[in-house]
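Listing of structure_5.tsv; format and content: TSV, C-alpha atoms and all ligand atoms.
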chain	number	residue	atom	x	y	z
W	51	MET	CA	0.00	0.00	0.00
W	52	SER	CA	1.11	3.53	-0.60
W	53	HIS	CA	2.36	5.51	2.36
W	54	ASP	CA	3.02	8.79	0.61
W	55	ILE	CA	0.85	11.03	-1.44
W	56	PRO	CA	3.20	12.98	-3.68
W	57	GLY	CA	2.72	16.67	-4.07
W	58	THR	CA	0.43	17.23	-1.12
W	59	ARG	CA	0.83	20.19	1.18
W	60	LEU	CA	1.32	19.27	4.80
W	61	PHE	CA	-0.09	21.43	7.55
W	62	ASP	CA	0.40	20.87	11.20
W	63	GLY	CA	-1.10	22.50	14.22
W	64	ASP	CA	1.98	24.64	14.84
W	65	GLN	CA	1.85	26.12	11.36
W	66	ALA	CA	-1.82	26.89	11.85
W	67	GLN	CA	-1.16	28.58	15.16
W	68	LYS	CA	1.32	30.89	13.48
W	69	GLY	CA	-0.95	31.47	10.54
W	70	VAL	CA	1.45	29.83	8.10
W	71	GLY	CA	0.15	27.95	5.11
W	72	GLY	CA	-3.35	29.32	5.48
W	73	ILE	CA	-6.08	28.66	2.98
W	74	SER	CA	-7.12	32.01	1.61
W	75	GLY	CA	-10.19	32.77	-0.41
W	76	ARG	CA	-9.82	33.07	-4.16
W	77	SER	CA	-12.08	34.67	-6.68
W	78	SER	CA	-12.24	34.01	-10.36
W	79	GLN	CA	-10.81	36.38	-12.96
W	80	ARG	CA	-14.28	37.74	-13.65
W	81	GLY	CA	-14.55	38.71	-10.00
W	82	GLU	CA	-17.32	36.41	-8.84
W	83	VAL	CA	-16.75	34.72	-5.49
W	84	ARG	CA	-16.49	30.96	-5.73
W	85	MET	CA	-18.18	29.02	-2.98
W	86	ALA	CA	-16.76	26.04	-1.16
W	87	ARG	CA	-17.62	22.67	-2.64
W	88	ILE	CA	-18.10	19.29	-0.96
W	89	ILE	CA	-16.20	16.64	-2.89
W	90	GLY	CA	-17.64	13.66	-1.05
W	91	GLY	CA	-17.75	11.66	2.12
W	92	ILE	CA	-15.73	8.91	3.73
W	93	GLY	CA	-16.95	6.65	6.50
W	94	THR	CA	-14.50	4.53	8.45
W	95	THR	CA	-13.61	3.16	11.87
W	96	HIS	CA	-11.35	4.32	14.72
W	97	VAL	CA	-10.47	1.14	16.64
W	98	PRO	CA	-7.42	2.14	18.76
W	99	SER	CA	-5.38	-1.01	17.99
W	100	ILE	CA	-5.15	0.27	14.38
W	101	GLY	CA	-2.82	2.95	15.77
W	102	LYS	CA	-0.55	0.27	17.21
W	103	ALA	CA	-0.63	-1.69	13.95
W	104	ILE	CA	0.44	1.45	12.07
W	105	ALA	CA	3.25	2.16	14.58
W	106	GLU	CA	4.47	-1.43	14.23
W	107	LYS	CA	4.07	-1.40	10.40
W	108	LYS	CA	1.75	-4.40	10.42
W	109	GLN	CA	-0.37	-3.26	7.47
W	110	ASN	CA	0.51	-6.38	5.47
W	111	ASP	CA	0.16	-8.93	8.25
W	112	PRO	CA	-2.61	-11.44	7.49
W	113	TYR	CA	-4.77	-10.13	10.34
W	114	TRP	CA	-4.55	-6.51	9.18
W	115	LYS	CA	-4.24	-6.68	5.40
W	116	PRO	CA	-7.95	-7.14	4.59
W	117	PHE	CA	-8.63	-3.94	6.53
W	118	PHE	CA	-5.70	-1.78	5.42
W	119	SER	CA	-6.01	-2.77	1.77
W	120	GLY	CA	-9.45	-1.16	1.86
W	121	PHE	CA	-7.57	2.16	1.96
W	122	ASP	CA	-5.67	1.75	-1.31
W	123	TYR	CA	-8.63	3.21	-3.18
W	124	VAL	CA	-9.10	5.95	-0.55
W	125	HIS	CA	-5.48	7.07	-0.99
W	126	ARG	CA	-5.78	7.29	-4.77
W	127	TRP	CA	-9.08	9.17	-4.52
W	128	LEU	CA	-7.73	11.67	-1.99
W	129	ALA	CA	-4.54	12.20	-3.99
W	130	ARG	CA	-6.69	13.07	-6.98
W	131	GLU	CA	-9.35	15.16	-5.20
W	132	ARG	CA	-6.97	17.00	-2.83
W	133	PRO	CA	-9.46	18.45	-0.33
W	134	ASP	CA	-8.43	21.66	1.45
W	135	ALA	CA	-10.46	21.01	4.59
W	136	VAL	CA	-12.26	18.13	6.26
W	137	VAL	CA	-15.28	18.14	8.57
W	138	VAL	CA	-14.95	15.12	10.88
W	139	PHE	CA	-18.02	13.77	12.68
W	140	TYR	CA	-16.78	11.63	15.57
W	141	ASN	CA	-17.58	10.58	19.11
W	142	ASP	CA	-15.24	11.50	21.91
W	143	HIS	CA	-14.43	8.72	24.42
W	144	GLY	CA	-13.10	10.67	27.41
W	145	ASN	CA	-11.73	14.14	26.76
W	146	PHE	CA	-15.08	15.82	27.44
W	147	PHE	CA	-15.71	13.77	30.58
W	148	ARG	CA	-19.10	12.42	31.46
W	149	ASP	CA	-20.10	15.22	33.82
W	150	LYS	CA	-20.20	17.74	30.97
W	151	LEU	CA	-20.84	15.94	27.72
W	152	PRO	CA	-22.21	17.95	24.81
W	153	THR	CA	-24.67	16.26	22.48
W	154	PHE	CA	-23.04	18.15	19.60
W	155	ALA	CA	-19.79	20.14	19.88
W	156	VAL	CA	-18.04	21.97	17.04
W	157	GLY	CA	-14.34	22.78	17.20
W	158	ALA	CA	-13.33	26.37	16.49
W	159	ALA	CA	-9.64	26.08	17.31
W	160	SER	CA	-6.61	26.68	15.12
W	161	LYS	CA	-4.98	23.53	16.47
W	162	TYR	CA	-6.24	20.27	17.98
W	163	ARG	CA	-3.95	18.33	20.28
W	164	ASN	CA	-4.34	14.57	20.66
W	165	GLU	CA	-5.02	13.08	24.08
W	166	ASP	CA	-6.23	9.58	24.63
W	167	GLY	CA	-6.46	7.84	27.97
W	168	GLY	CA	-5.23	4.31	28.31
W	169	TRP	CA	-5.10	2.77	24.85
W	170	GLY	CA	-1.30	2.61	24.65
W	171	ILE	CA	-1.13	4.05	21.15
W	172	PRO	CA	1.41	6.70	20.12
W	173	VAL	CA	0.35	10.31	20.67
W	174	SER	CA	-0.29	11.93	17.29
W	175	ARG	CA	0.89	15.30	16.11
W	176	ALA	CA	-1.59	18.16	16.51
W	177	ALA	CA	-4.04	18.64	13.66
W	178	ALA	CA	-4.44	22.08	12.07
W	179	GLY	CA	-7.83	23.74	12.45
W	180	ASP	CA	-9.71	26.15	10.22
W	181	PRO	CA	-11.34	28.66	12.60
W	182	ALA	CA	-12.95	30.69	9.80
W	183	LEU	CA	-14.73	27.65	8.39
W	184	SER	CA	-15.61	26.49	11.93
W	185	TRP	CA	-17.28	29.79	12.79
W	186	HIS	CA	-19.17	29.80	9.52
W	187	LEU	CA	-20.53	26.33	10.34
W	188	ILE	CA	-21.29	27.29	13.95
W	189	ASN	CA	-23.24	30.37	12.87
W	190	ALA	CA	-25.19	28.36	10.32
W	191	LEU	CA	-25.97	25.56	12.78
W	192	VAL	CA	-27.24	27.96	15.42
W	193	ALA	CA	-29.31	29.77	12.78
W	194	ASP	CA	-30.77	26.33	11.98
W	195	GLU	CA	-31.65	25.94	15.68
W	196	PHE	CA	-28.96	23.39	16.58
W	197	ASP	CA	-27.92	24.31	20.12
W	198	ILE	CA	-24.33	23.19	19.74
W	199	THR	CA	-21.37	23.67	22.07
W	200	MET	CA	-18.63	25.74	20.45
W	201	CYS	CA	-15.10	24.84	21.45
W	202	GLN	CA	-12.20	27.22	20.98
W	203	ASP	CA	-10.04	24.72	22.82
W	204	MET	CA	-10.63	21.06	22.07
W	205	LEU	CA	-8.61	17.86	22.47
W	206	VAL	CA	-9.17	15.05	19.99
W	207	ASP	CA	-8.85	11.34	20.73
W	208	HIS	CA	-8.34	8.17	18.66
W	209	ALA	CA	-11.69	8.71	16.96
W	210	VAL	CA	-10.10	11.61	15.04
W	211	THR	CA	-6.41	10.69	14.88
W	212	ILE	CA	-6.74	7.04	13.73
W	213	PRO	CA	-8.90	7.90	10.70
W	214	LEU	CA	-6.56	10.77	9.74
W	215	ALA	CA	-3.61	8.36	9.94
W	216	LEU	CA	-5.51	5.85	7.81
W	217	MET	CA	-6.49	8.39	5.16
W	218	TRP	CA	-3.09	10.16	5.03
W	219	PRO	CA	-0.55	7.55	6.08
W	220	GLY	CA	2.51	9.64	5.16
W	221	GLY	CA	2.80	11.13	8.66
W	222	GLY	CA	1.37	14.61	8.07
W	223	TRP	CA	-2.15	15.74	7.31
W	224	PRO	CA	-2.35	17.91	4.21
W	225	LEU	CA	-5.49	19.79	5.17
W	226	ARG	CA	-7.30	21.57	7.98
W	227	ILE	CA	-9.92	19.95	10.14
W	228	VAL	CA	-13.21	20.95	11.72
W	229	PRO	CA	-14.04	18.30	14.34
W	230	VAL	CA	-17.73	17.86	15.18
W	231	GLU	CA	-18.31	15.73	18.27
W	232	ILE	CA	-21.51	13.72	18.64
W	233	ASN	CA	-22.39	12.04	21.91
W	234	THR	CA	-22.63	8.30	21.29
W	235	VAL	CA	-21.33	7.29	24.72
W	236	GLN	CA	-23.74	8.50	27.41
W	237	HIS	CA	-27.49	8.10	27.12
W	238	PRO	CA	-29.67	9.84	26.10
W	239	LEU	CA	-28.08	10.00	22.64
W	240	PRO	CA	-29.33	12.15	19.77
W	241	SER	CA	-31.58	10.36	17.27
W	242	LEU	CA	-30.48	9.15	13.84
W	243	ALA	CA	-32.86	11.72	12.35
W	244	ARG	CA	-31.27	14.58	14.28
W	245	CYS	CA	-27.77	13.50	13.22
W	246	LEU	CA	-28.86	13.31	9.57
W	247	GLU	CA	-30.30	16.84	9.85
W	248	LEU	CA	-27.10	18.08	11.50
W	249	GLY	CA	-25.22	16.94	8.42
W	250	ARG	CA	-27.74	18.55	6.08
W	251	SER	CA	-27.34	21.85	7.91
W	252	ILE	CA	-23.56	21.62	7.61
W	253	GLY	CA	-23.86	20.70	3.93
W	254	ARG	CA	-25.93	23.83	3.26
W	255	ALA	CA	-23.49	25.93	5.27
W	256	ILE	CA	-20.50	24.71	3.27
W	257	ALA	CA	-22.30	25.47	0.01
W	258	SER	CA	-22.65	29.07	1.20
W	259	TYR	CA	-19.06	29.48	2.40
W	260	PRO	CA	-17.49	32.12	0.16
W	261	GLU	CA	-14.08	30.51	-0.19
W	262	ASP	CA	-12.89	28.53	-3.18
W	263	ILE	CA	-12.05	25.37	-1.25
W	264	LYS	CA	-12.81	21.69	-1.57
W	265	VAL	CA	-14.26	20.12	1.56
W	266	LEU	CA	-14.30	16.45	2.50
W	267	ILE	CA	-16.84	15.11	5.00
W	268	VAL	CA	-15.88	12.19	7.21
W	269	GLY	CA	-18.00	10.07	9.59
W	270	ILE	CA	-16.15	7.88	12.05
W	271	GLY	CA	-16.97	4.80	14.11
W	272	GLY	CA	-18.29	1.27	14.25
W	273	LEU	CA	-19.79	-0.46	12.60
W	274	SER	CA	-21.42	-3.05	14.88
W	275	HIS	CA	-19.55	-3.71	18.11
W	276	GLN	CA	-19.95	-4.11	21.83
W	277	LEU	CA	-16.94	-3.80	24.13
W	278	ASP	CA	-18.34	-4.98	27.45
W	279	GLY	CA	-21.26	-6.57	29.25
W	280	ALA	CA	-23.04	-9.82	28.46
W	281	ARG	CA	-22.88	-9.24	24.69
W	282	ALA	CA	-19.16	-8.26	24.56
W	283	GLY	CA	-17.82	-9.18	21.11
W	284	PHE	CA	-21.24	-8.92	19.45
W	285	VAL	CA	-21.26	-7.98	15.75
W	286	ASN	CA	-24.12	-8.09	13.23
W	287	LYS	CA	-22.95	-8.33	9.63
W	288	GLU	CA	-26.43	-8.45	8.14
W	289	PHE	CA	-27.50	-5.28	9.91
W	290	ASP	CA	-24.25	-3.50	9.02
W	291	GLN	CA	-24.79	-4.29	5.34
W	292	LEU	CA	-28.34	-3.01	5.51
W	293	CYS	CA	-27.15	0.21	7.16
W	294	LEU	CA	-24.48	0.74	4.50
W	295	ASP	CA	-26.89	0.03	1.64
W	296	GLN	CA	-29.53	2.39	3.00
W	297	LEU	CA	-27.01	5.04	3.91
W	298	ALA	CA	-25.98	5.14	0.27
W	299	SER	CA	-29.34	5.02	-1.41
W	300	GLU	CA	-32.05	6.09	1.04
W	301	PRO	CA	-30.61	7.47	4.30
W	302	ASP	CA	-34.02	8.68	5.48
W	303	GLU	CA	-35.07	5.04	5.83
W	304	LEU	CA	-32.59	4.63	8.67
W	305	ILE	CA	-34.30	7.13	10.93
W	306	ARG	CA	-36.98	4.53	11.71
W	307	TYR	CA	-34.63	2.98	14.30
W	308	SER	CA	-34.82	4.28	17.85
W	309	ILE	CA	-31.57	4.35	19.82
W	310	PRO	CA	-32.57	1.29	21.95
W	311	GLN	CA	-33.41	-0.62	18.75
W	312	PHE	CA	-30.07	0.39	17.24
W	313	VAL	CA	-28.19	-0.78	20.35
W	314	GLU	CA	-30.03	-4.09	20.15
W	315	LEU	CA	-29.13	-4.57	16.48
W	316	ALA	CA	-25.60	-3.10	16.36
W	317	GLY	CA	-24.29	-3.47	19.93
W	318	ALA	CA	-23.75	-0.88	22.65
W	319	GLN	CA	-20.94	0.84	20.74
W	320	GLY	CA	-22.49	0.18	17.32
W	321	VAL	CA	-24.34	3.46	17.88
W	322	GLU	CA	-21.12	5.11	16.64
W	323	PHE	CA	-22.95	4.81	13.33
W	324	LEU	CA	-24.64	8.05	14.43
W	325	ASN	CA	-21.47	9.75	13.13
W	326	TRP	CA	-22.04	8.33	9.65
W	327	MET	CA	-25.51	9.88	9.36
W	328	PRO	CA	-24.38	13.54	9.16
W	329	MET	CA	-21.56	12.57	6.79
W	330	ARG	CA	-24.20	11.31	4.37
W	331	GLY	CA	-26.58	14.17	5.21
W	332	ALA	CA	-24.00	16.77	4.16
W	333	LEU	CA	-23.71	15.31	0.65
W	334	THR	CA	-25.95	16.76	-2.00
W	335	GLY	CA	-27.35	15.93	-5.42
W	336	LYS	CA	-26.62	12.57	-6.97
W	337	VAL	CA	-24.51	10.66	-4.45
W	338	THR	CA	-22.42	7.79	-5.79
W	339	GLN	CA	-20.81	5.08	-3.73
W	340	LEU	CA	-17.32	4.76	-5.20
W	341	HIS	CA	-15.88	2.21	-2.82
W	342	ARG	CA	-16.81	-0.09	0.05
W	343	ASN	CA	-14.68	-2.37	2.20
W	344	TYR	CA	-16.12	-4.38	5.10
W	345	HIS	CA	-14.10	-6.61	7.39
W	346	ILE	CA	-14.77	-8.56	10.63
W	347	PRO	CA	-13.15	-8.28	13.09
W	348	ILE	CA	-10.73	-5.53	13.86
W	349	SER	CA	-10.34	-6.03	17.61
W	350	ASN	CA	-14.00	-6.26	18.68
W	351	THR	CA	-15.40	-4.33	15.77
W	352	ALA	CA	-16.89	-4.88	12.34
W	353	ALA	CA	-14.88	-2.31	10.38
W	354	ALA	CA	-16.19	-0.63	7.25
W	355	THR	CA	-14.61	1.89	4.90
W	356	VAL	CA	-16.81	3.66	2.37
W	357	VAL	CA	-16.25	6.48	-0.14
W	358	PHE	CA	-19.17	8.51	-1.49
W	359	GLU	CA	-18.89	11.09	-4.21
W	360	SER	CA	-21.12	14.09	-3.71
W	361	GLY	CA	-23.28	15.38	-6.52
W	362	ARG	CA	-22.23	18.61	-8.20
W	363	SER	CA	-24.64	21.46	-8.57
W	364	PRO	CA	-24.35	23.20	-11.98
W	365	ARG	CA	-22.77	26.33	-10.54
W	366	CYS	CA	-20.05	24.19	-8.96
W	367	ALA	CA	-18.68	22.45	-12.04
W	368	PRO	CA	-15.25	20.85	-11.62
W	369	ARG	CA	-12.68	23.63	-11.57
W	370	SER	CA	-9.83	21.66	-13.02
W	371	GLY	CA	-11.71	21.40	-16.32
W	372	VAL	CA	-11.27	17.66	-16.09
W	373	ALA	CA	-14.34	15.68	-15.13
W	374	ALA	CA	-13.70	13.44	-12.14
W	375	ARG	CA	-12.66	9.97	-13.24
W	376	LYS	CA	-13.88	6.95	-11.34
W	377	GLU	CA	-11.40	4.22	-10.66
W	378	ARG	CA	-12.72	0.74	-11.15
W	379	PRO	CA	-10.25	-2.04	-10.46
W	380	ASP	CA	-10.67	-2.92	-6.80
W	381	GLU	CA	-13.83	-1.24	-5.72
W	382	ARG	CA	-17.51	-1.87	-5.90
W	383	SER	CA	-18.68	0.87	-8.21
W	384	GLU	CA	-22.35	1.47	-8.41
W	385	PRO	CA	-24.68	3.66	-10.34
W	386	SER	CA	-25.76	6.93	-8.83
W	387	LEU	CA	-27.81	6.20	-5.81
W	388	ALA	CA	-29.71	9.27	-4.74
N	1	LIG	C1	-12.66	-0.73	20.16
N	1	LIG	C2	-13.64	-0.07	19.42
N	1	LIG	C3	-13.94	1.26	19.67
N	1	LIG	O1	-14.91	1.93	19.02
N	1	LIG	C4	-13.25	1.97	20.64
N	1	LIG	O2	-13.53	3.26	20.82
N	1	LIG	C5	-12.27	1.33	21.39
N	1	LIG	C6	-11.97	-0.02	21.14
N	1	LIG	C7	-12.30	-2.16	19.88
N	1	LIG	O3	-12.95	-2.81	19.04
N	1	LIG	O4	-11.35	-2.66	20.52
N	2	FE	FE	-15.18	3.91	19.77
Now that the file is in, can you turn its structure into structure tokens?
Amino acid sequence: MSHDIPGTRLFDGDQAQKGVGGISGRSSQRGEVRMARIIGGIGTTHVPSIGKAIAEKKQNDPYWKPFFSGFDYVHRWLARERPDAVVVFYNDHGNFFRDKLPTFAVGAASKYRNEDGGWGIPVSRAAAGDPALSWHLINALVADEFDITMCQDMLVDHAVTIPLALMWPGGGWPLRIVPVEINTVQHPLPSLARCLELGRSIGRAIASYPEDIKVLIVGIGGLSHQLDGARAGFVNKEFDQLCLDQLASEPDELIRYSIPQFVELAGAQGVEFLNWMPMRGALTGKVTQLHRNYHIPISNTAAATVVFESGRSPRCAPRSGVAARKERPDERSEPSLA
């Protein structure tokens, strides 16, 4: 598998803090302001032992290969699409603490340090933030009546750093992040419908962001798993496949599940799928599933990796002048789904 993406720009939190390497707005020669554009969405997992496997270079070991090889397509797609910023929907596992746990929290920092209690995985470099994009999203969410917590100081755990390391394995992250935390760990949790709407609100906000940038949307977690209790080790392949199919083609169908039903079907931690709902909700127009990999188990978890291409509205035609190519060899390519 490839570990480097040639020609990418690497940002780190320290550069962001000093304002180096910033993404500035651009306007076309005719003077009109180009809006931001969502290129697509990626859903994947954050199991902490992946961080150890990366540190120990075990990507090709028989246990790990079926999972890591699911990223070969992701690396090629990202190298071609080159997003400038990524909105990451994830669930925090301990940095917020249970006594003050926001249902939805949006990062507005210029830098996100990694802290992770107890998993024994290497501490990651800080990720660069994009405060201007964050505040645009926060304003839009509040205008849409989402009572979010806004965080000018925010630590991120394995649910953010593992997926970044999987998507950009070269050691640096060539874009800025906006982390959006969703509570999937302490009941009551938000509904699937609310999480889908959260993503739709963010999708509309990005489409109205007057900067000529390409934005990737990522949803992190699951799929089915349960870490403790009588059903520890529980996974449900059939239900996972149904969730992935419906997420692609008819995400509104998924809102029929209550949280207790979802826990029953996907396991106590399978509710991390809540993070995938806004990823899909943010995508617009004809959404195409470009790639899907599904593997059981990674540690206790059924791990999926999916790439969706977002539809393009006419005013947001590809700026390179080259229509996006779809790669075919190792992925399940499907017709447009929604
Ligand atoms: C595992 C899965 C998780 O979602 C997590 O946060 C920690 C551990 C696991 O499968 O080991
Ligand atoms: Fe988790």
Between range 199-264 of chain W and range 148-151 of chain W, at 9 Å or less, what are the per-residue closest atom pairs and their distances in Å? Count all atoms listed in the file, order by chain and rising residue number, and return it as a tab-separated table.
residue	atom	partner	partner_atom	distance
W:Asn233	CA	W:Leu151	CA	7.2
W:Val235	CA	W:Arg148	CA	8.8
W:Gln236	CA	W:Arg148	CA	7.3
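With distances restricted to all atoms listed in the file, W:Leu216 is the closest residue to Ser119 in chain W from W:Glu359, W:Arg132, W:Ala280, W:Leu216.
Restricting the calculation to only C-alpha atoms and all ligand atoms, the smallest distance between ligand LIG 1 (chain N) and any of W:Ile256, W:Val337, W:Ala209, W:Ile92 is found for W:Ala209.
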**CA of Tyr123 in chain W to CA of His341 in chain W, distance in Å rounded to a single decimal** = 7.3 Å
**Message:** Measuring between only C-alpha atoms, which one of W:Gln311, W:Ser184, W:Ser99, W:Thr234 shows the shortest distance to His208 in chain W?
**Reply:** W:Ser99
Mind listing the residues within 8 Å of ligand LIG 1 (chain N), all atoms listed in the file counted, as an mmCIF file with C-alpha atoms, in the frame of the given file?
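Wrote pocket11.cif, looks like this:
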data_model
loop_
_atom_site.group_PDB
_atom_site.id
_atom_site.type_symbol
_atom_site.label_atom_id
_atom_site.label_comp_id
_atom_site.auth_asym_id
_atom_site.auth_seq_id
_atom_site.Cartn_x
_atom_site.Cartn_y
_atom_site.Cartn_z
ATOM 1 C CA THR W 95 -13.610 3.160 11.870
ATOM 2 C CA HIS W 96 -11.350 4.320 14.720
ATOM 3 C CA VAL W 97 -10.470 1.140 16.640
ATOM 4 C CA PRO W 98 -7.420 2.140 18.760
ATOM 5 C CA SER W 99 -5.380 -1.010 17.990
ATOM 6 C CA HIS W 143 -14.430 8.720 24.420
ATOM 7 C CA HIS W 208 -8.340 8.170 18.660
ATOM 8 C CA ALA W 209 -11.690 8.710 16.960
ATOM 9 C CA GLY W 271 -16.970 4.800 14.110
ATOM 10 C CA GLY W 272 -18.290 1.270 14.250
ATOM 11 C CA HIS W 275 -19.550 -3.710 18.110
ATOM 12 C CA GLN W 276 -19.950 -4.110 21.830
ATOM 13 C CA LEU W 277 -16.940 -3.800 24.130
ATOM 14 C CA GLN W 319 -20.940 0.840 20.740
ATOM 15 C CA GLY W 320 -22.490 0.180 17.320
ATOM 16 C CA GLU W 322 -21.120 5.110 16.640
ATOM 17 C CA ILE W 348 -10.730 -5.530 13.860
ATOM 18 C CA SER W 349 -10.340 -6.030 17.610
ATOM 19 C CA ASN W 350 -14.000 -6.260 18.680
ATOM 20 C CA THR W 351 -15.400 -4.330 15.770
#
**Fill in**
Between W:Met204, W:Ile309, W:Leu292, W:Val285, smallest distance to Ala352 in chain W by only C-alpha atoms belongs to W:Val285
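Take the candidates W:Thr355, W:Ser174, W:Thr94, W:Asn286 and check each one against ligand FE 2 (chain N) using all atoms listed in the file; the shortest distance goes to W:Thr94.
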**Complete:** From the list W:Glu106, W:Asp111, W:Asp166, W:Glu195, the nearest residue to ligand FE 2 (chain N) using only C-alpha atoms and all ligand atoms is W:Asp166
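CA of Ile263 in chain W is positioned 19.6 Å from CA of Gly222 in chain W.
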**Asked** Contacts of Leu205 in chain W at 10 Å or less, counting only C-alpha atoms, minus same-chain residues fewer than 2 places along, as a VMD selection string?
**Response** chain W and resid 142 144 to 146 157 159 161 to 166 176 to 177 201 203 207 210 229
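Shell of Gly253 in chain W at 8 Å, with all atoms listed in the file counted and residues fewer than 2 places along the chain excluded, is Ile88, Gly249, Arg250, Ser251, Ala255, Ile256, Ala257, Gly331, Ala332, Leu333 and Thr334 of chain W.
A straight line drawn from CA of Phe117 in chain W to CA of Ile346 in chain W is 8.7 Å long.
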**Request:** Using all atoms listed in the file, find all polymer residues with an atom at most 7 Å away from the point (-15.5, 28.4, -3.3); report them as a ChimeraX atom specification.
**Result:** /W:83-87,259-263
